[in-house]
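S.K.: Below is the file model-v1.txt, with compact mmCIF, C-alpha atoms.
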# COMPACT_ATOMS: atom_id res chain seq x y z
CA MET A 1 -63.49 52.76 1.73
CA VAL A 2 -63.76 49.37 3.31
CA LYS A 3 -61.69 46.33 2.41
CA LEU A 4 -62.88 42.88 3.43
CA SER A 5 -61.05 39.60 3.13
CA PHE A 6 -62.90 36.31 3.35
CA ARG A 7 -61.17 33.07 4.32
CA LEU A 8 -63.60 30.39 3.26
CA VAL A 9 -63.96 27.08 5.02
CA ALA A 10 -65.28 23.75 3.75
CA GLY A 11 -68.89 23.97 2.66
CA GLN A 12 -68.73 27.64 1.63
CA ASP A 13 -69.11 28.60 -2.03
CA PRO A 14 -67.26 31.77 -3.12
CA ASP A 15 -70.06 32.75 -5.51
CA ARG A 16 -72.72 32.43 -2.78
CA VAL A 17 -70.56 34.47 -0.38
CA GLU A 18 -70.19 37.22 -2.99
CA LYS A 19 -73.94 37.25 -3.66
CA ALA A 20 -74.71 37.41 0.07
CA VAL A 21 -72.34 40.35 0.58
CA ARG A 22 -73.84 42.25 -2.34
CA GLU A 23 -77.39 41.65 -1.06
CA TRP A 24 -76.41 42.61 2.49
CA ALA A 25 -74.85 45.89 1.30
CA ALA A 26 -77.75 46.73 -1.04
CA GLU A 27 -80.21 46.42 1.84
CA ARG A 28 -78.20 48.70 4.14
CA VAL A 29 -76.62 51.45 2.03
CA PRO A 30 -78.63 54.62 2.60
CA ASP A 31 -79.91 56.80 -0.22
CA GLY A 32 -77.32 59.28 -1.44
CA VAL A 33 -74.39 57.01 -0.62
CA ARG A 34 -72.55 55.39 -3.50
CA CYS A 35 -71.62 51.76 -3.02
CA GLU A 36 -69.26 49.99 -5.38
CA ILE A 37 -68.26 46.41 -4.61
CA THR A 38 -65.37 44.70 -6.35
CA PHE A 39 -64.42 41.08 -5.77
CA GLY A 40 -61.08 39.60 -6.75
CA ALA A 41 -60.47 36.06 -7.89
CA ALA A 42 -61.91 33.50 -5.50
CA THR A 43 -60.83 29.98 -4.72
CA ARG A 44 -62.87 27.13 -3.34
CA PRO A 45 -62.08 25.85 0.14
CA CYS A 46 -61.08 22.25 0.65
CA LEU A 47 -61.13 19.80 3.50
CA THR A 48 -59.13 16.64 4.02
CA PRO A 49 -61.03 14.30 6.38
CA LEU A 50 -59.29 13.80 9.73
CA ASP A 51 -59.39 10.03 9.32
CA HIS A 52 -57.75 10.05 5.88
CA PRO A 53 -54.68 7.75 5.87
CA ALA A 54 -52.42 10.45 4.41
CA LEU A 55 -53.45 12.92 7.11
CA GLN A 56 -52.76 10.25 9.70
CA SER A 57 -49.21 10.16 8.32
CA VAL A 58 -48.95 13.88 9.09
CA VAL A 59 -50.20 13.19 12.62
CA ARG A 60 -47.60 10.49 13.18
CA ALA A 61 -44.77 12.55 11.66
CA MET A 62 -45.57 15.65 13.71
CA GLY A 63 -46.08 13.61 16.87
CA ARG A 64 -42.70 11.98 16.36
CA ALA A 65 -40.90 15.30 15.69
CA PHE A 66 -42.52 17.24 18.52
CA GLY A 67 -42.92 14.36 20.97
CA LYS A 68 -46.51 15.42 21.74
CA PRO A 69 -49.99 14.50 20.57
CA VAL A 70 -51.27 16.46 17.58
CA ARG A 71 -54.32 18.68 17.96
CA PHE A 72 -56.29 19.90 15.01
CA THR A 73 -57.58 23.35 14.20
CA ARG A 74 -59.93 24.11 11.38
CA GLU A 75 -59.17 27.35 9.65
CA GLY A 76 -60.10 29.05 6.43
CA GLY A 77 -57.51 29.82 3.84
CA SER A 78 -57.08 30.56 0.22
CA GLY A 79 -55.14 29.09 -2.63
CA PRO A 80 -55.37 26.32 -5.16
CA ALA A 81 -55.71 23.45 -2.65
CA ALA A 82 -59.25 22.40 -3.68
CA ASP A 83 -58.34 22.42 -7.35
CA LEU A 84 -55.16 20.44 -6.72
CA GLN A 85 -57.08 17.91 -4.66
CA GLU A 86 -59.64 17.49 -7.43
CA VAL A 87 -57.16 17.30 -10.32
CA LEU A 88 -54.72 14.97 -8.57
CA GLY A 89 -57.32 12.82 -6.88
CA ALA A 90 -55.22 12.98 -3.73
CA PRO A 91 -55.61 14.85 -0.47
CA VAL A 92 -53.93 18.15 0.21
CA LEU A 93 -51.91 18.00 3.40
CA PHE A 94 -50.84 21.00 5.43
CA LEU A 95 -48.09 20.58 7.97
CA GLY A 96 -48.33 23.75 10.07
CA ILE A 97 -45.38 24.69 12.22
CA SER A 98 -46.04 28.26 13.22
CA VAL A 99 -48.19 29.85 15.91
CA PRO A 100 -50.72 32.72 15.75
CA SER A 101 -48.24 35.24 17.19
CA ASP A 102 -46.07 34.70 14.08
CA GLY A 103 -48.40 37.14 12.26
CA TRP A 104 -49.21 35.07 9.17
CA HIS A 105 -49.11 37.21 6.00
CA ALA A 106 -48.55 40.39 8.03
CA PRO A 107 -45.75 42.86 7.23
CA ASN A 108 -43.89 41.59 10.30
CA GLU A 109 -44.52 37.87 9.72
CA LYS A 110 -42.00 35.64 11.46
CA VAL A 111 -41.35 32.06 12.46
CA GLU A 112 -39.49 30.73 15.47
CA ILE A 113 -36.32 28.96 14.36
CA ASP A 114 -36.86 26.03 16.73
CA LEU A 115 -40.35 25.48 15.25
CA LEU A 116 -38.97 25.77 11.73
CA LEU A 117 -36.39 23.08 12.46
CA LYS A 118 -39.05 20.84 14.03
CA GLY A 119 -41.11 21.35 10.89
CA VAL A 120 -38.18 20.19 8.77
CA GLU A 121 -37.83 17.13 11.01
CA ALA A 122 -41.56 16.38 10.74
CA SER A 123 -41.38 16.73 6.94
CA ALA A 124 -38.58 14.17 6.83
CA TYR A 125 -40.62 11.74 8.93
CA LEU A 126 -43.69 12.39 6.78
CA TRP A 127 -42.18 11.11 3.53
CA GLY A 128 -41.16 7.82 5.13
CA ASP A 129 -44.52 7.42 6.82
CA LEU A 130 -46.42 8.09 3.60
CA ALA A 131 -44.33 5.52 1.77
CA GLU A 132 -44.96 2.95 4.49
CA HIS A 133 -48.66 3.51 5.26
CA TRP A 134 -50.45 5.02 2.31
CA ARG A 135 -50.89 3.58 -1.15
CA HIS A 136 -53.10 5.55 -3.50
CA ALA A 137 -54.62 3.51 -6.27
CA PRO A 138 -55.61 5.56 -9.35
Can you give me the file's structure in the form of structure tokens?

M.R.:
Amino acid sequence: MVKLSFRLVAGQDPDRVEKAVREWAAERVPDGVRCEITFGAATRPCLTPLDHPALQSVVRAMGRAFGKPVRFTREGGSGPAADLQEVLGAPVLFLGISVPSDGWHAPNEKVEIDLLLKGVEASAYLWGDLAEHWRHAP
């Protein structure tokens, strides 16, 4: 048995990924070997542009809390973010405060307390910054 997990990034379509995996497996499974592929529920990836005013509020809030310039990473994930963004007509903002060694979603997942507290501080700054700099017109 093999279990695969796909973390989609902007521009990927869950249905196309599923089709590609099925085609890839069908071409490679030898005669006499049974192949059964099951996919769970899939969610669309989303992307908030780096120059979006709301994301710039996150940048300012995190920079203020941590006292350092913010650097971006682009990572795949799962969840309802794309649907929320579409329904609300507003960007989805992620304010990440952990590091790769925290073992995200692993049985031994952790977070450093000092980072957690800085994240709380950044969140507090974020609300004020959003109120001051970003007005979303319906």

S.K.: What does the distance from atom CA of Leu55 of chain A to atom CA of Ala122 of chain A come to in Å, to one decimal?

M.R.: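 Computed distance, atom CA of Leu55 of chain A to atom CA of Ala122 of chain A, equals 12.9 Å.
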
S.K.: Which protein, DNA or RNA residues are at most 8 Å from (-43.7, 9.7, 14.2) in the file's coordinates when you count only C-alpha atoms, listed as JSON, numbers by chain?

M.R.: {"A": [59, 60, 61, 62, 63, 64, 65, 122, 125, 126, 129]}

S.K.: For Asp114 of chain A, which of A:Leu47, A:Val99, A:Trp24, A:Leu4 is the closest residue, counting only C-alpha atoms?

M.R.: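 Selected residue with least distance to Asp114 of chain A: A:Val99.
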
S.K.: Near Ile97 of chain A, within 10 Å and counting only C-alpha atoms, which residues show up once chain neighbours fewer than 3 positions away are dropped, as a VMD selection string?

M.R.: chain A and resid 62 94 111 to 112 114 to 120 122

S.K.: Mind giving me the straight-line distance from atom CA of Ile113 of chain A to atom CA of Leu95 of chain A in Å, one decimal?

M.R.: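 Calculated distance between atom CA of Ile113 of chain A and atom CA of Leu95 of chain A is 15.8 Å.
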
S.K.: Under the rule that only C-alpha atoms are counted, which of A:Gly11, A:Gly128, A:Gly96, A:Gly32 is the nearest residue to Val70 of chain A?

M.R.: A:Gly96

S.K.: Provide segment 108-124 of chain A of the preceding structure as a file containing N, CA, C and O atoms, as a compact mmCIF listing (two decimals), in the first residue's frame.

M.R.:
# COMPACT_ATOMS: atom_id res chain seq x y z
N ASN A 108 4.33 14.74 16.79
CA ASN A 108 5.09 15.50 17.79
C ASN A 108 5.16 16.99 17.45
O ASN A 108 6.14 17.66 17.75
N GLU A 109 4.10 17.51 16.83
CA GLU A 109 4.06 18.93 16.46
C GLU A 109 4.26 19.80 17.70
O GLU A 109 3.78 19.49 18.78
N LYS A 110 4.98 20.89 17.52
CA LYS A 110 5.23 21.79 18.64
C LYS A 110 5.33 23.21 18.12
O LYS A 110 5.33 23.46 16.93
N VAL A 111 5.40 24.15 19.03
CA VAL A 111 5.67 25.54 18.69
C VAL A 111 6.50 26.11 19.83
O VAL A 111 6.30 25.77 20.99
N GLU A 112 7.45 26.94 19.47
CA GLU A 112 8.29 27.60 20.48
C GLU A 112 7.46 28.70 21.15
O GLU A 112 6.84 29.51 20.46
N ILE A 113 7.47 28.74 22.46
CA ILE A 113 6.66 29.70 23.20
C ILE A 113 6.99 31.14 22.82
O ILE A 113 6.10 31.97 22.64
N ASP A 114 8.28 31.44 22.65
CA ASP A 114 8.64 32.82 22.29
C ASP A 114 8.07 33.20 20.92
O ASP A 114 7.63 34.34 20.73
N LEU A 115 8.04 32.26 19.98
CA LEU A 115 7.44 32.54 18.67
C LEU A 115 5.92 32.70 18.80
O LEU A 115 5.33 33.55 18.14
N LEU A 116 5.32 31.87 19.62
CA LEU A 116 3.88 31.96 19.83
C LEU A 116 3.51 33.33 20.39
O LEU A 116 2.56 33.98 19.91
N LEU A 117 4.26 33.81 21.35
CA LEU A 117 3.99 35.13 21.92
C LEU A 117 4.23 36.25 20.91
O LEU A 117 3.48 37.23 20.87
N LYS A 118 5.25 36.11 20.08
CA LYS A 118 5.48 37.10 19.02
C LYS A 118 4.33 37.07 18.01
O LYS A 118 3.94 38.10 17.47
N GLY A 119 3.80 35.89 17.76
CA GLY A 119 2.64 35.78 16.87
C GLY A 119 1.42 36.48 17.43
O GLY A 119 0.68 37.14 16.70
N VAL A 120 1.22 36.37 18.74
CA VAL A 120 0.12 37.08 19.39
C VAL A 120 0.33 38.59 19.25
O VAL A 120 -0.60 39.34 18.93
N GLU A 121 1.55 39.04 19.47
CA GLU A 121 1.88 40.46 19.33
C GLU A 121 1.62 40.93 17.89
O GLU A 121 1.01 41.98 17.66
N ALA A 122 2.08 40.15 16.92
CA ALA A 122 1.87 40.51 15.52
C ALA A 122 0.37 40.57 15.19
O ALA A 122 -0.09 41.45 14.46
N SER A 123 -0.40 39.62 15.72
CA SER A 123 -1.85 39.63 15.49
C SER A 123 -2.49 40.91 16.03
O SER A 123 -3.37 41.49 15.39
N ALA A 124 -2.04 41.35 17.20
CA ALA A 124 -2.58 42.58 17.77
C ALA A 124 -2.25 43.77 16.88
O ALA A 124 -3.10 44.62 16.62
